[in-house]
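Listing of upload_8.txt; format and content: compact mmCIF, C-alpha atoms.
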# COMPACT_ATOMS: atom_id res chain seq x y z
CA MET A 1 0.00 0.00 0.00
CA SER A 2 1.29 3.44 -0.88
CA ARG A 3 -0.03 5.21 2.19
CA GLN A 4 1.92 4.62 5.38
CA TYR A 5 0.23 4.52 8.79
CA PRO A 6 1.79 4.24 12.27
CA ARG A 7 2.50 0.63 13.21
CA LEU A 8 0.14 0.55 16.21
CA ILE A 9 -2.75 1.73 14.05
CA MET A 10 -2.00 -0.88 11.40
CA GLN A 11 -1.91 -3.64 14.00
CA LEU A 12 -5.44 -2.69 15.00
CA TYR A 13 -6.62 -2.29 11.41
CA ASN A 14 -4.92 -5.43 10.15
CA PRO A 15 -5.51 -8.30 12.61
CA PHE A 16 -5.00 -10.82 9.80
CA THR A 17 -2.29 -13.32 10.76
CA PRO A 18 -1.59 -16.31 8.49
CA ARG A 19 -2.21 -19.71 10.10
CA TRP A 20 0.19 -22.60 9.51
CA LEU A 21 -1.57 -25.56 7.94
CA ASP A 22 1.43 -27.79 8.68
CA ARG A 23 3.93 -26.88 11.43
CA SER A 24 6.40 -29.67 10.63
CA ILE A 25 9.46 -27.43 10.38
CA PHE A 26 8.73 -25.98 13.82
CA ASP A 27 7.92 -29.40 15.30
CA PHE A 28 11.19 -30.77 13.92
CA LEU A 29 13.11 -27.90 15.50
CA GLU A 30 11.47 -28.42 18.88
CA ALA A 31 12.28 -32.14 18.79
CA LEU A 32 16.03 -31.60 18.39
CA PRO A 33 18.28 -32.48 21.35
CA ALA A 34 19.07 -29.57 23.64
CA GLU A 35 22.75 -29.68 22.63
CA ALA A 36 22.03 -29.43 18.88
CA GLN A 37 23.63 -26.46 17.14
CA VAL A 38 20.99 -24.56 15.16
CA LEU A 39 21.34 -21.65 12.74
CA ASN A 40 18.32 -19.50 11.93
CA VAL A 41 19.07 -17.81 8.58
CA GLY A 42 17.20 -14.56 8.08
CA SER A 43 15.85 -14.62 11.60
CA GLY A 44 14.65 -11.05 11.84
CA ASN A 45 13.55 -10.47 15.41
CA THR A 46 12.31 -14.03 16.00
CA ASN A 47 13.66 -16.15 18.83
CA LEU A 48 13.46 -19.92 18.33
CA GLY A 49 15.39 -20.96 21.43
CA THR A 50 18.54 -20.52 23.48
CA ASN A 51 20.59 -22.95 21.37
CA VAL A 52 19.83 -21.06 18.14
CA ILE A 53 22.18 -18.63 16.44
CA ASN A 54 20.03 -15.94 14.84
CA LEU A 55 21.56 -14.51 11.68
CA ASP A 56 20.16 -11.61 9.71
CA ILE A 57 21.45 -8.93 7.33
CA LYS A 58 20.09 -6.23 9.67
CA PRO A 59 20.70 -5.85 13.40
CA SER A 60 17.80 -6.28 15.80
CA PRO A 61 17.48 -7.26 19.49
CA ASN A 62 17.42 -11.03 18.89
CA VAL A 63 20.02 -11.12 16.09
CA SER A 64 23.31 -12.56 17.29
CA VAL A 65 25.19 -12.45 13.95
CA VAL A 66 24.78 -9.75 11.31
CA ALA A 67 25.82 -11.16 7.94
CA ASP A 68 24.78 -11.76 4.34
CA ALA A 69 23.21 -15.20 3.80
CA HIS A 70 25.06 -15.44 0.48
CA ARG A 71 28.31 -15.68 2.52
CA LEU A 72 27.63 -17.36 5.84
CA PRO A 73 30.51 -16.61 8.25
CA PHE A 74 30.82 -20.19 9.54
CA ARG A 75 33.05 -23.15 8.81
CA ASP A 76 31.88 -26.13 6.79
CA GLY A 77 29.82 -28.59 8.81
CA SER A 78 29.11 -26.28 11.77
CA PHE A 79 25.43 -26.96 12.44
CA ASP A 80 23.09 -29.84 13.17
CA CYS A 81 20.17 -27.88 11.74
CA VAL A 82 19.68 -24.81 9.59
CA PHE A 83 16.26 -23.15 9.77
CA CYS A 84 15.26 -20.80 6.97
CA SER A 85 11.67 -19.57 6.83
CA ALA A 86 10.29 -16.87 4.49
CA VAL A 87 13.78 -15.81 3.46
CA LEU A 88 14.64 -17.30 0.06
CA GLU A 89 12.15 -15.04 -1.71
CA HIS A 90 14.03 -12.02 -0.36
CA VAL A 91 17.53 -12.87 -1.59
CA PRO A 92 18.67 -12.05 -5.15
CA TYR A 93 20.57 -15.35 -5.52
CA PRO A 94 18.65 -18.08 -3.67
CA ASN A 95 20.74 -20.83 -5.27
CA VAL A 96 23.84 -19.33 -3.64
CA VAL A 97 22.13 -19.13 -0.25
CA ALA A 98 20.99 -22.74 -0.62
CA LYS A 99 24.57 -23.86 -1.28
CA GLU A 100 25.74 -21.98 1.79
CA ILE A 101 23.08 -23.65 3.91
CA ILE A 102 24.20 -27.06 2.66
CA ARG A 103 27.86 -26.15 3.25
CA VAL A 104 27.45 -25.23 6.93
CA LEU A 105 25.38 -28.32 7.72
CA LYS A 106 27.12 -31.22 9.40
CA PRO A 107 26.91 -34.61 7.67
CA GLY A 108 23.56 -35.94 8.81
CA GLY A 109 22.42 -32.41 9.59
CA THR A 110 19.00 -31.19 8.50
CA ALA A 111 17.69 -28.07 6.78
CA CYS A 112 14.16 -26.81 7.49
CA ILE A 113 13.13 -24.57 4.62
CA GLN A 114 9.92 -22.65 4.07
CA SER A 115 9.00 -20.18 1.32
CA PRO A 116 5.81 -18.60 -0.08
CA PHE A 117 4.18 -19.54 -3.36
CA LEU A 118 0.92 -17.59 -3.81
CA GLU A 119 1.61 -14.58 -1.65
CA ALA A 120 1.61 -10.85 -2.35
CA ILE A 121 4.83 -8.88 -2.69
CA HIS A 122 5.52 -7.84 0.87
CA ASP A 123 8.93 -6.18 0.91
CA GLU A 124 11.09 -3.93 -1.25
CA HIS A 125 13.50 -6.88 -1.50
CA ASP A 126 11.00 -9.50 -2.63
CA TYR A 127 12.30 -11.33 -5.71
CA PHE A 128 11.00 -14.88 -6.07
CA ARG A 129 8.28 -17.44 -5.44
CA PHE A 130 8.85 -21.19 -5.22
CA THR A 131 6.82 -24.30 -5.93
CA LEU A 132 7.61 -27.36 -3.85
CA LYS A 133 9.59 -28.80 -6.76
CA GLY A 134 11.46 -25.51 -6.96
CA LEU A 135 12.52 -25.79 -3.32
CA LYS A 136 13.74 -29.33 -3.90
CA VAL A 137 15.76 -28.23 -6.94
CA LEU A 138 17.54 -25.66 -4.76
CA PHE A 139 18.68 -28.42 -2.37
CA PRO A 140 19.59 -31.40 -4.58
CA GLU A 141 22.21 -32.66 -2.12
CA LEU A 142 19.66 -33.11 0.66
CA LYS A 143 17.60 -36.25 1.07
CA GLU A 144 13.96 -35.41 1.67
CA VAL A 145 12.69 -36.10 5.18
CA LYS A 146 9.33 -34.43 4.77
CA SER A 147 7.73 -31.75 2.62
CA GLY A 148 4.34 -30.25 1.91
CA VAL A 149 2.01 -27.29 2.17
CA SER A 150 2.53 -25.03 5.17
CA GLY A 151 0.07 -22.33 4.10
CA GLY A 152 -3.06 -23.30 2.18
CA PRO A 153 -5.38 -21.80 -0.46
CA SER A 154 -7.84 -20.43 2.08
CA GLN A 155 -5.18 -18.04 3.30
CA VAL A 156 -4.75 -16.85 -0.28
CA LEU A 157 -8.51 -16.37 -0.53
CA ALA A 158 -8.65 -14.48 2.76
CA ASP A 159 -5.80 -12.23 1.65
CA ILE A 160 -7.55 -11.37 -1.63
CA LEU A 161 -10.87 -10.73 0.11
CA ARG A 162 -9.08 -8.47 2.57
CA VAL A 163 -7.03 -6.51 0.06
CA TYR A 164 -9.16 -6.13 -3.05
CA PRO A 165 -11.72 -3.66 -1.64
CA ILE A 166 -8.84 -1.74 -0.07
CA LEU A 167 -7.26 -1.36 -3.52
CA ILE A 168 -10.49 0.13 -4.85
CA PHE A 169 -10.74 2.73 -2.10
CA GLU A 170 -7.03 3.36 -1.50
CA GLY A 171 -6.26 7.04 -1.12
CA THR A 172 -9.88 8.00 -0.43
CA PHE A 173 -11.48 9.14 2.82
CA ILE A 174 -12.78 5.62 3.53
CA ASP A 175 -9.36 3.98 3.01
CA LEU A 176 -8.66 3.40 6.72
CA PRO A 177 -12.21 2.33 7.69
CA MET A 178 -12.20 -0.14 4.78
CA ARG A 179 -8.93 -1.65 6.02
CA PHE A 180 -10.51 -2.19 9.43
CA VAL A 181 -13.73 -3.74 8.13
CA MET A 182 -12.16 -6.03 5.51
CA SER A 183 -9.35 -7.24 7.76
CA TRP A 184 -11.86 -8.49 10.32
CA LEU A 185 -14.38 -9.83 7.80
CA ALA A 186 -11.74 -11.81 5.88
CA ARG A 187 -10.09 -13.29 8.94
CA PRO A 188 -12.40 -16.35 9.39
CA PHE A 189 -11.86 -17.52 5.80
CA GLN A 190 -8.29 -18.64 6.53
CA TRP A 191 -9.65 -21.43 8.75
CA LEU A 192 -11.27 -23.11 5.73
CA ASP A 193 -7.89 -24.72 4.94
CA PHE A 194 -8.65 -27.40 7.51
CA LEU A 195 -11.68 -28.48 5.46
CA ILE A 196 -9.69 -28.98 2.24
CA LYS A 197 -6.25 -29.98 3.52
CA ARG A 198 -6.58 -33.54 2.19
CA LYS A 199 -7.94 -32.60 -1.25
CA PRO A 200 -5.59 -33.63 -4.12
CA SER A 201 -5.74 -30.22 -5.82
CA MET A 202 -5.06 -28.23 -2.67
CA PRO A 203 -1.26 -27.88 -3.25
CA LEU A 204 -1.87 -26.26 -6.66
CA TYR A 205 -3.03 -23.11 -4.88
CA ALA A 206 -0.86 -23.16 -1.77
CA ARG A 207 0.23 -20.02 -0.04
CA ALA A 208 3.51 -21.57 1.10
CA PHE A 209 5.54 -24.78 0.92
CA TYR A 210 8.09 -26.36 3.25
CA PHE A 211 10.93 -28.81 2.72
CA ILE A 212 12.93 -30.73 5.34
CA GLY A 213 16.06 -32.36 3.97
CA ARG A 214 19.01 -34.24 5.48
CA LYS A 215 22.62 -33.93 4.34
CA GLY A 216 24.21 -37.26 3.49

Show the structure stored in the file as structure tokens.
Amino acid sequence: MSRQYPRLIMQLYNPFTPRWLDRSIFDFLEALPAEAQVLNVGSGNTNLGTNVINLDIKPSPNVSVVADAHRLPFRDGSFDCVFCSAVLEHVPYPNVVAKEIIRVLKPGGTACIQSPFLEAIHDEHDYFRFTLKGLKVLFPELKEVKSGVSGGPSQVLADILRVYPILIFEGTFIDLPMRFVMSWLARPFQWLDFLIKRKPSMPLYARAFYFIGRKG
């Protein structure tokens, strides 16, 4: 949106928060032994645990290492797990980042990758979208442990229902009220994913995919 509003106002007027259809990458992370060395690439301000090194290109309170994911500042085979969620679409050379993730994994180590497919452009550095096959092509050296849809079509539907009327009235005097109304009206639609999660065609319209792969 071209008009910028204070963050607190936008939190009130945009209560829409995507729901994970499949939390496998988070479940896998939580199941790791306490001593496992974990790298969170592109962490932002998230905190996944005390044994996790949070790496991001920008400093923030929870970031422990500021670095470019295209050149990870770690030795080969440093980590038991590399977590990378909603990051590959924001890097200009995702194949390079993927190779770096593989490089810093220990033999037998696991990468937990997640990236959007049908999702709106949401950052000035937003370059790519990936199908599930596309994610697998980025990590050919990893043996698949599990993969699937992490964000389903109903979230795509809810997003469109929320945004489309806003686009019509953007810049007018009812811009802000429309954001409030549509954000709340569209919110329940995202729960419909749980009704269609086992339908064969559901992955064709996924919001996001995940891939868990182990290094040989």

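Restricting the calculation to all atoms listed in the file, the smallest distance between Val97 (chain A) and any of A:Ala186, A:Pro33, A:Arg71, A:Ile57 is found for A:Arg71.
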
Taken to one decimal, the CA of Ile102 (chain A)-CA of Gly148 (chain A) distance is 20.1 Å

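Going from CA of Gly44 (chain A) over to CA of Asp22 (chain A), you cover 21.6 Å.
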
Quick one: everything within 12 Å of region 159-163 of chain A, counting all atoms listed in the file, minus sequence neighbours fewer than 3 positions away in the same chain. Send it as a ChimeraX atom specification.
-> /A:1,13-19,118-121,151-156,166-170,175,178-190,207

In Å and to one decimal, CA of Arg214 (chain A) is distant from CA of Gly42 (chain A) by 19.9 Å

Nearest to Phe74 (chain A) among A:Ile53, A:Glu30, A:Glu141, A:Pro61, with distances taken over all atoms listed in the file: which residue is it?
->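 That would be A:Ile53, the residue with the smallest distance to Phe74 (chain A).
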
Which residue out of A:Val65, A:Ala86, A:Leu157, A:Leu176 has the minimum interatomic distance to Ile113 (chain A) when all atoms listed in the file are used?
->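 Comparing A:Val65, A:Ala86, A:Leu157, A:Leu176 against Ile113 (chain A), the winner is A:Ala86.
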
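Within the 9 Å cut-off around Gly108 (chain A), using all atoms listed in the file and omitting residues fewer than 4 positions from it on the same chain, the listed residues are Asp80, Arg214, Lys215 and Gly216 of chain A.
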
Written file, previous selection with C-alpha atoms, as a tab-separated table (two decimals), in the frame of the given file:
chain	number	residue	atom	x	y	z
A	80	ASP	CA	23.09	-29.84	13.17
A	214	ARG	CA	19.01	-34.24	5.48
A	215	LYS	CA	22.62	-33.93	4.34
A	216	GLY	CA	24.21	-37.26	3.49

Across A:Asp123, A:Cys112, A:Leu105, A:Thr46, the smallest distance to Leu29 (chain A), with all atoms listed in the file counted, is shown by A:Cys112
